[in-house]
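Student: Contents of model.cif (mmCIF, C-alpha atoms) are below:
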data_input
#
loop_
_atom_site.label_atom_id
_atom_site.label_comp_id
_atom_site.auth_asym_id
_atom_site.auth_seq_id
_atom_site.Cartn_x
_atom_site.Cartn_y
_atom_site.Cartn_z
CA MET A 1 123.52 113.66 96.78
CA TRP A 2 122.57 110.20 98.07
CA THR A 3 123.34 109.32 101.68
CA GLU A 4 123.01 105.99 103.45
CA GLY A 5 121.29 107.41 106.56
CA GLY A 6 123.99 107.55 109.20
CA GLU A 7 124.20 111.33 109.03
CA GLN A 8 120.43 111.59 109.45
CA VAL A 9 120.38 109.37 112.55
CA GLU A 10 123.22 111.37 114.07
CA SER A 11 121.49 114.68 113.37
CA ALA A 12 118.11 113.53 114.66
CA VAL A 13 119.55 112.26 117.95
CA ALA A 14 121.63 115.39 118.50
CA GLY A 15 118.62 117.67 117.95
CA ALA A 16 116.37 115.62 120.22
CA VAL A 17 118.88 115.44 123.06
CA ALA A 18 119.58 119.16 122.84
CA ALA A 19 115.87 119.96 123.16
CA LEU A 20 115.17 117.53 125.99
CA ARG A 21 118.28 118.46 127.94
CA THR A 22 116.69 121.83 128.67
CA ALA A 23 114.15 119.99 130.82
CA VAL A 24 116.26 117.45 132.74
CA ASP A 25 115.26 119.11 136.00
CA ARG A 26 111.58 118.16 135.47
CA ASP A 27 109.71 115.10 136.72
CA TRP A 28 109.98 112.68 133.80
CA GLU A 29 108.67 109.71 135.77
CA GLY A 30 105.48 111.43 136.83
CA THR A 31 104.72 113.14 133.52
CA ARG A 32 102.93 111.26 130.76
CA ALA A 33 104.22 111.82 127.22
CA ALA A 34 101.63 113.53 125.01
CA GLY A 35 99.32 111.04 123.31
CA LEU A 36 100.97 108.00 124.89
CA GLU A 37 100.44 105.71 127.87
CA TRP A 38 104.12 105.95 128.78
CA SER A 39 105.82 108.46 131.03
CA VAL A 40 108.38 110.81 129.52
CA ARG A 41 111.16 108.69 130.97
CA ASP A 42 109.68 105.46 129.60
CA THR A 43 109.33 107.11 126.20
CA ALA A 44 112.98 108.18 126.22
CA VAL A 45 114.02 104.63 127.14
CA HIS A 46 111.82 103.32 124.32
CA VAL A 47 113.66 105.54 121.85
CA ALA A 48 117.01 104.21 123.07
CA GLU A 49 115.66 100.65 122.83
CA CYS A 50 114.57 101.19 119.22
CA LEU A 51 117.91 102.66 118.22
CA VAL A 52 119.98 99.81 119.63
CA ALA A 53 117.47 97.20 118.42
CA TYR A 54 117.76 98.46 114.85
CA ALA A 55 121.54 98.48 115.13
CA GLY A 56 121.40 94.90 116.41
CA GLN A 57 119.20 93.79 113.52
CA LEU A 58 121.73 95.11 111.02
CA THR A 59 124.91 93.93 112.72
CA GLY A 60 123.38 90.59 113.70
CA ARG A 61 122.04 90.06 110.16
CA ALA A 62 118.76 88.94 111.78
CA ALA A 63 116.76 87.03 109.19
CA ASP A 64 113.54 85.86 110.84
CA SER A 65 113.06 87.65 114.16
CA TYR A 66 114.40 90.33 116.46
CA VAL A 67 117.77 89.72 118.10
CA PRO A 68 116.81 88.55 121.63
CA PHE A 69 118.14 91.17 124.03
CA GLU A 70 116.81 94.14 125.97
CA LEU A 71 118.16 97.44 127.21
CA VAL A 72 118.14 98.05 130.97
CA LEU A 73 119.23 101.34 132.51
CA GLU A 74 121.01 101.33 135.84
CA ASP A 75 119.06 102.39 138.91
CA GLY A 76 119.51 106.07 139.53
CA ALA A 77 120.45 106.88 135.94
CA GLY A 78 118.30 110.01 136.11
CA ASN A 79 117.05 112.13 133.26
CA ASP A 80 120.48 113.26 132.10
CA GLY A 81 121.73 109.68 132.24
CA THR A 82 118.78 108.56 130.17
CA LEU A 83 119.69 111.09 127.50
CA ARG A 84 123.28 109.86 127.53
CA VAL A 85 121.96 106.38 126.80
CA VAL A 86 119.88 107.74 123.91
CA GLU A 87 123.02 109.43 122.54
CA ALA A 88 125.03 106.21 122.89
CA MET A 89 122.39 104.04 121.22
CA GLY A 90 122.06 106.60 118.44
CA GLY A 91 125.80 106.33 117.92
CA LEU A 92 125.52 102.56 117.62
CA LEU A 93 122.81 102.79 114.96
CA THR A 94 124.77 105.47 113.12
CA ALA A 95 127.84 103.22 113.06
CA ALA A 96 125.79 100.18 112.03
CA VAL A 97 124.19 102.04 109.13
CA ARG A 98 127.54 103.38 107.94
CA THR A 99 129.27 100.01 108.02
CA THR A 100 126.52 97.66 106.83
CA PRO A 101 126.79 96.74 103.13
CA ARG A 102 124.03 98.16 100.96
CA GLU A 103 122.60 94.77 100.01
CA VAL A 104 122.11 93.53 103.57
CA ARG A 105 118.52 93.22 104.77
CA ALA A 106 117.36 92.24 108.24
CA PHE A 107 114.06 91.32 109.83
CA HIS A 108 111.40 93.91 110.52
CA PRO A 109 107.71 92.99 110.48
CA TYR A 110 106.21 95.99 108.68
CA PRO A 111 105.04 95.24 106.08
CA PHE A 112 107.27 92.84 104.13
CA ARG A 113 109.38 91.40 106.95
CA SER A 114 112.69 93.06 106.09
CA ALA A 115 114.47 96.39 105.74
CA ASN A 116 117.85 97.53 104.49
CA ARG A 117 120.20 99.99 106.20
CA ASP A 118 118.32 102.96 104.73
CA GLY A 119 115.05 101.59 106.07
CA PHE A 120 116.43 101.03 109.57
CA ALA A 121 117.97 104.49 109.55
CA ALA A 122 114.64 106.04 108.54
CA MET A 123 112.78 104.06 111.20
CA GLY A 124 115.30 105.18 113.79
CA VAL A 125 114.97 108.80 112.77
CA ALA A 126 111.17 108.48 112.87
CA GLU A 127 111.26 107.09 116.41
CA VAL A 128 113.48 109.95 117.54
CA LEU A 129 111.53 112.76 115.87
CA LEU A 130 108.05 111.57 116.77
CA HIS A 131 108.70 110.57 120.36
CA THR A 132 110.74 113.69 121.04
CA HIS A 133 107.65 115.57 119.89
CA ASP A 134 105.57 113.57 122.37
CA MET A 135 107.97 114.24 125.21
CA ALA A 136 108.56 117.89 124.35
CA ARG A 137 104.83 118.61 124.32
CA ALA A 138 104.44 117.08 127.77
CA LEU A 139 107.40 119.03 129.12
CA ASP A 140 106.41 122.29 127.38
CA VAL A 141 109.69 122.33 125.45
CA ALA A 142 109.98 123.87 121.98
CA TYR A 143 110.87 121.29 119.34
CA THR A 144 110.74 121.43 115.55
CA PRO A 145 113.15 119.15 113.69
CA PRO A 146 114.76 120.18 110.38
CA ALA A 147 112.54 119.76 107.33
CA ASP A 148 115.13 117.65 105.54
CA LEU A 149 115.07 115.03 108.29
CA CYS A 150 111.29 114.80 108.07
CA ALA A 151 111.45 114.51 104.29
CA TYR A 152 114.09 111.80 104.66
CA VAL A 153 111.65 109.71 106.71
CA LEU A 154 108.66 110.39 104.46
CA THR A 155 110.39 109.52 101.19
CA ARG A 156 111.72 106.23 102.52
CA ILE A 157 109.14 104.65 104.81
CA PHE A 158 105.96 106.63 104.06
CA PRO A 159 105.86 106.22 100.26
CA HIS A 160 102.05 106.08 100.34
CA VAL A 161 101.72 109.53 101.93
CA ARG A 162 101.28 112.50 99.59
CA PRO A 163 103.84 115.16 100.52
CA ALA A 164 102.82 118.68 101.54
CA ALA A 165 104.61 122.00 101.85
CA ASP A 166 105.68 121.33 105.45
CA PRO A 167 107.35 117.89 105.87
CA TRP A 168 107.15 118.05 109.67
CA ALA A 169 103.43 118.77 109.63
CA THR A 170 103.01 115.97 107.08
CA LEU A 171 104.86 113.48 109.25
CA LEU A 172 102.84 114.45 112.31
CA TRP A 173 99.60 114.08 110.35
CA ALA A 174 100.67 110.74 108.86
CA THR A 175 101.26 109.35 112.36
CA GLY A 176 98.05 110.65 113.91
CA ARG A 177 99.69 113.54 115.72
CA GLY A 178 98.43 116.53 113.79
CA GLU A 179 96.16 117.92 111.11
CA LEU A 180 96.63 118.90 107.48
CA PRO A 181 94.16 121.10 105.62
CA GLY A 182 91.91 119.06 103.35
CA ARG A 183 92.95 115.70 104.76
CA ALA A 184 91.01 113.49 107.14
CA PRO A 185 92.59 112.71 110.51
CA VAL A 186 94.77 109.60 110.66
CA THR A 187 93.63 107.15 113.34
CA ALA A 188 95.77 104.12 112.44
CA TRP A 189 99.09 103.98 110.62
CA LYS A 190 102.19 101.94 109.87
CA TRP A 191 105.27 102.81 107.94
CA CYS A 192 106.21 100.85 104.81
CA ASN A 193 109.65 99.50 103.95
CA ASN A 194 110.24 98.49 100.36
CA LEU A 195 109.32 95.08 98.96
CA VAL A 196 112.13 92.79 97.79
CA LEU A 197 111.75 89.67 95.63
CA ASP A 198 114.49 87.13 94.97
CA THR A 199 115.08 85.11 91.82
CA GLU A 200 117.86 82.63 91.07
CA ARG A 201 120.41 85.32 90.24
CA LEU A 202 118.73 88.63 91.02
CA THR A 203 117.20 90.63 93.82
CA LEU A 204 114.31 92.83 92.75
CA GLU A 205 114.40 95.82 95.10
CA GLY A 206 111.43 98.17 95.30
CA VAL A 207 112.54 101.71 94.48
CA THR A 208 111.52 104.24 97.15
CA PRO A 209 110.36 107.76 96.24
CA ALA A 210 113.74 109.04 97.46
CA ALA A 211 115.65 106.69 95.16
CA ALA A 212 113.25 107.37 92.28
CA SER A 213 113.74 111.11 92.56
CA ASP A 214 117.52 110.70 92.63
CA LEU A 215 117.47 108.41 89.58
CA SER A 216 115.20 110.73 87.63
CA LEU A 217 117.59 113.63 88.28
CA GLY A 218 120.65 111.74 87.03
CA GLY A 219 121.80 110.09 90.27
CA ASP A 220 122.38 106.43 91.02
CA GLY A 221 119.48 105.96 93.47
CA GLY A 222 121.86 104.56 96.09
CA LEU A 223 122.82 101.65 93.82
CA ASP A 224 126.03 100.55 92.17
CA TRP A 225 125.32 100.05 88.48
CA ALA A 226 126.80 97.74 85.87
CA GLY A 227 128.20 99.30 82.71
CA ASP A 228 127.61 103.01 82.22
CA GLY A 229 124.78 103.24 84.74
CA PRO A 230 120.99 103.34 84.49
CA ALA A 231 119.47 103.22 81.01
CA ASP A 232 117.13 105.97 79.85
CA GLY A 233 114.07 103.80 80.42
CA THR A 234 115.03 103.35 84.07
CA ARG A 235 115.30 107.09 84.58
CA VAL A 236 111.97 107.67 82.83
CA GLY A 237 110.28 105.00 84.96
CA ALA A 238 111.80 106.48 88.11
CA GLY A 239 110.46 109.86 87.09
CA LEU A 240 106.97 108.39 86.85
CA VAL A 241 107.31 107.02 90.39
CA ALA A 242 108.49 110.41 91.65
CA LYS A 243 105.55 112.17 89.99
CA ALA A 244 103.06 109.66 91.37
CA TYR A 245 104.49 110.17 94.85
CA GLU A 246 104.15 113.94 94.58
CA ALA A 247 100.56 113.50 93.39
CA GLY A 248 99.71 111.08 96.21
CA THR A 249 98.87 108.23 93.80
CA HIS A 250 101.97 106.10 94.31
CA ARG A 251 101.33 102.55 95.51
CA PRO A 252 104.71 101.15 96.59
CA GLN A 253 104.26 97.53 95.47
CA TRP A 254 103.10 98.72 92.04
CA GLY A 255 106.09 100.92 91.33
CA THR A 256 109.57 100.25 89.97
CA TYR A 257 112.05 97.57 91.03
CA ALA A 258 115.80 97.71 90.57
CA LEU A 259 117.26 94.45 89.27
CA VAL A 260 120.36 93.78 91.36
CA ARG A 261 122.71 90.95 90.42
CA ARG A 262 123.58 89.07 93.59
CA ALA A 263 126.91 87.79 92.28
CA ASP A 264 128.47 91.26 92.42
CA GLY A 265 125.79 93.56 93.89
CA LEU A 266 125.48 95.59 90.69
CA ALA A 267 122.15 96.85 89.38
CA VAL A 268 121.65 95.63 85.82
CA GLY A 269 118.32 97.28 85.03
CA ALA A 270 114.84 98.04 86.26
CA MET A 271 111.36 96.58 85.90
CA GLY A 272 108.08 97.92 87.12
CA PHE A 273 104.41 98.59 86.77
CA HIS A 274 102.98 101.63 85.05
CA ASP A 275 100.27 101.93 87.70
CA ALA A 276 98.25 99.93 90.20
CA PRO A 277 95.89 97.30 88.73
CA ASP A 278 92.81 98.72 87.01
CA GLU A 279 89.20 97.78 87.72
CA ASP A 280 89.43 94.90 85.25
CA GLY A 281 92.31 93.35 87.19
CA ARG A 282 94.92 94.29 84.60
CA VAL A 283 98.33 95.76 85.35
CA GLU A 284 100.92 96.86 82.80
CA ILE A 285 104.61 96.07 83.19
CA GLY A 286 107.76 97.45 81.53
CA TYR A 287 111.51 96.94 81.83
CA ASP A 288 114.97 97.69 80.54
CA LEU A 289 118.55 96.54 81.11
CA VAL A 290 121.88 98.31 80.88
CA PRO A 291 123.53 97.30 77.59
CA ALA A 292 126.36 95.48 79.36
CA ALA A 293 123.88 93.08 81.01
CA ARG A 294 121.80 92.15 77.98
CA GLY A 295 121.78 88.68 76.49
CA HIS A 296 122.11 86.82 79.80
CA GLY A 297 118.44 86.11 80.51
CA TYR A 298 118.09 88.61 83.36
CA ALA A 299 115.01 90.31 81.92
CA THR A 300 113.23 86.99 81.42
CA GLU A 301 114.12 85.83 84.92
CA ALA A 302 112.87 89.05 86.49
CA LEU A 303 109.73 89.20 84.34
CA ARG A 304 108.71 85.70 85.32
CA ALA A 305 109.15 86.48 89.01
CA LEU A 306 107.49 89.89 89.09
CA SER A 307 104.57 88.78 86.90
CA ALA A 308 104.01 85.71 89.06
CA TRP A 309 104.02 87.90 92.18
CA ALA A 310 101.51 90.29 90.58
CA LEU A 311 99.13 87.50 89.64
CA GLU A 312 99.16 86.28 93.25
CA GLN A 313 97.81 89.63 94.49
CA PRO A 314 94.08 90.03 95.16
CA GLY A 315 92.10 91.37 92.23
CA VAL A 316 94.83 90.87 89.62
CA SER A 317 93.95 88.58 86.72
CA ARG A 318 96.40 89.55 83.97
CA VAL A 319 99.70 91.30 83.33
CA LEU A 320 100.10 93.36 80.16
CA ALA A 321 103.31 94.18 78.30
CA LEU A 322 103.43 96.50 75.28
CA VAL A 323 106.37 95.90 72.93
CA GLU A 324 107.38 97.73 69.77
CA ALA A 325 107.05 95.42 66.79
CA GLU A 326 110.69 95.93 65.75
CA ASN A 327 112.04 95.14 69.23
CA LEU A 328 112.70 91.47 68.60
CA ALA A 329 114.76 91.02 71.77
CA SER A 330 111.95 92.26 73.99
CA ARG A 331 109.41 90.17 72.11
CA ALA A 332 111.59 87.15 72.83
CA VAL A 333 111.71 88.06 76.54
CA VAL A 334 107.93 88.19 76.95
CA GLY A 335 107.57 84.99 74.96
CA ARG A 336 110.02 83.11 77.18
CA ALA A 337 108.21 84.49 80.25
CA GLY A 338 104.96 82.90 79.07
CA PHE A 339 103.16 85.97 77.68
CA ARG A 340 100.90 85.54 74.67
CA GLN A 341 100.31 88.13 72.00
CA VAL A 342 96.75 89.50 72.21
CA SER A 343 96.78 92.36 69.68
CA ASP A 344 98.61 93.35 66.53
CA GLY A 345 99.30 97.05 66.52
CA SER A 346 101.89 96.97 63.75
CA ALA A 347 99.41 98.06 61.08
CA ASP A 348 98.84 101.46 62.67
CA GLY A 349 102.24 101.81 64.28
CA GLN A 350 101.07 100.90 67.77
CA PRO A 351 103.01 98.51 70.03
CA LEU A 352 102.13 94.84 70.14
CA ALA A 353 100.25 93.76 73.27
CA PHE A 354 101.18 90.64 75.20
CA GLU A 355 99.40 89.24 78.25
CA LEU A 356 100.03 86.74 80.98
CA ARG A 357 96.88 85.56 82.73
CA ARG A 358 96.26 83.98 86.09
#
Here is a file; write its structure as structure tokens.
Tutor:
Amino acid sequence: MWTEGGEQVESAVAGAVAALRTAVDRDWEGTRAAGLEWSVRDTAVHVAECLVAYAGQLTGRAADSYVPFELVLEDGAGNDGTLRVVEAMGGLLTAAVRTTPREVRAFHPYPFRSANRDGFAAMGVAEVLLHTHDMARALDVAYTPPADLCAYVLTRIFPHVRPAADPWATLLWATGRGELPGRAPVTAWKWCNNLVLDTERLTLEGVTPAAASDLSLGGDGGLDWAGDGPADGTRVGAGLVAKAYEAGTHRPQWGTYALVRRADGLAVGAMGFHDAPDEDGRVEIGYDLVPAARGHGYATEALRALSAWALEQPGVSRVLALVEAENLASRAVVGRAGFRQVSDGSADGQPLAFELRR
């Protein structure tokens, strides 16, 4: 079942506060958090700052920068007071995530300068889990968050990280805090929110591994769909993304994009790449629309935009589309998008090949 993230923020904060509250009698000011330059107290304040900052980005609909404010605790707040602030700021982010419309995106620098409510929720959960780990280690407090919370973070903002049997160990490894058998240590890292591209009438939203898995299993991927819901091709494409993620070969920008109609917020189809560009600079693209949205030029509009974006990327020289000879509608789409036919597979029953070059 798809959730928007509020429950995950709430659960992460509750678990962190419960663990740290067992050590409120310790010296948080004079104890450095494990692996950080901050004290335990400064780290706890940082977590609270992140939670309220993410809430502010969503509620303030920040487009180009962070909302300009800072969190200041009162003198004498103490360790227990600091945890109360973390709880309060977690509540604000939880409420913001639950009340922000799905289509809203706000500024965040990594890596595409925006995130939606699910992204901000995942970033908030990551801050809580990881920094509670740092503080708990320094205070000699036992702390292991639930596996589902760790998987929530990984499948939303670490799409490039191959999952392992233990999601918590995977998250610690991915952020330079632990080891995984057979994998080199991580010395530098950033999380990755999904890429979004706008056209005249559509928003092309990168599908995360979490959404891809849900779509492939018959869910809606967190989207409201036009007509009777996702077409079969969308579910097949989502399944390919989910498999690539499990195999550790998924490259987020070269996955699947949901085509969301801005006029009503409904998803009308999907378009995406079969894989990352090959050594010859070629990348293959495919698409489908729900029947109720066909005949309005959405596929052509999206294909022009996504192909143009692809050809702007380093090392990409051409975009390939394979179309069944009898699919006249799809042949018309690639033609209107500027693709040229480069092979005739009709004689042996193979699809026709069309290319758009840089």
Student: From the options A:Val333, A:Val40, A:Leu240, A:Val128, which residue's atoms come nearest to Thr82 of chain A, counting all atoms listed in the file?
Tutor: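 Checking each candidate against Thr82 of chain A, we get A:Val40 as the closest.
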Student: Using the chain letters and residue numbers of this document, give as a ChimeraX atom specification the residues selected by the PyMOL selection byres ((chain A and resi 50) around 12).
Tutor: /A:43-49,51-57,66-67,69-71,85-86,89-90,92-93,108,120-128,131
Student: Running the PyMOL selection byres ((chain A and resi 350-354) around 8) on this model by hand, what would come out? Give it as a count of residues only.
Tutor: 20
Student: Counting only C-alpha atoms, which residues sit no farther than 10 Å from the position (117.3, 112.6, 133.2) in the file's frame? I'd like them as number ranges by chain.
Tutor: A: 20-21, 23-29, 40-41, 44, 76-84
Student: Counting only C-alpha atoms, which of A:Gly15, A:Gly227, A:Pro277, A:Gly222 gets nearest to Ala258 of chain A?
Tutor: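 Among the listed residues, A:Gly222 lies closest to Ala258 of chain A.
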Student: List the neighbours of Arg261 of chain A out to 9 Å using all atoms listed in the file; skip same-chain residues closer than 2 positions along the sequence, and give me the result as a ChimeraX atom specification.
Tutor: /A:201-204,259,263-268,298
Student: Counting all atoms listed in the file, figure out which residue out of A:Asp228, A:Glu103, A:Asp275, A:Asp148 gets nearest to Val241 of chain A.
Tutor: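 Of A:Asp228, A:Glu103, A:Asp275, A:Asp148, the one nearest Val241 of chain A is A:Asp275, counting all atoms listed in the file.
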Student: Would you list the contacts of Trp189 of chain A as a PyMOL selection string, taking every protein, DNA or RNA residue within 10 Å and counting all atoms listed in the file, but skipping same-chain residues closer than 5 positions in sequence?
Tutor: chain A and resi 158+174-176
Student: With distances taken over all atoms listed in the file, which of A:Val97, A:Ala308, A:Ala63, A:Ala33 is nearest to Gly338 of chain A?
Tutor: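 Result for the nearest residue to Gly338 of chain A: A:Ala308.
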Student: What gap, in Å, lies between atom CA of Ala34 of chain A and atom CA of Arg137 of chain A?
Tutor: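 Between atom CA of Ala34 of chain A and atom CA of Arg137 of chain A the gap is 6.0 Å.
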Student: Any chance you could resolve the PyMOL selection byres ((chain A and resi 329) around 12) against this file and give the residues as a VMD selection string?
Tutor: chain A and resid 288 to 289 294 to 297 299 to 300 323 to 328 330 to 336
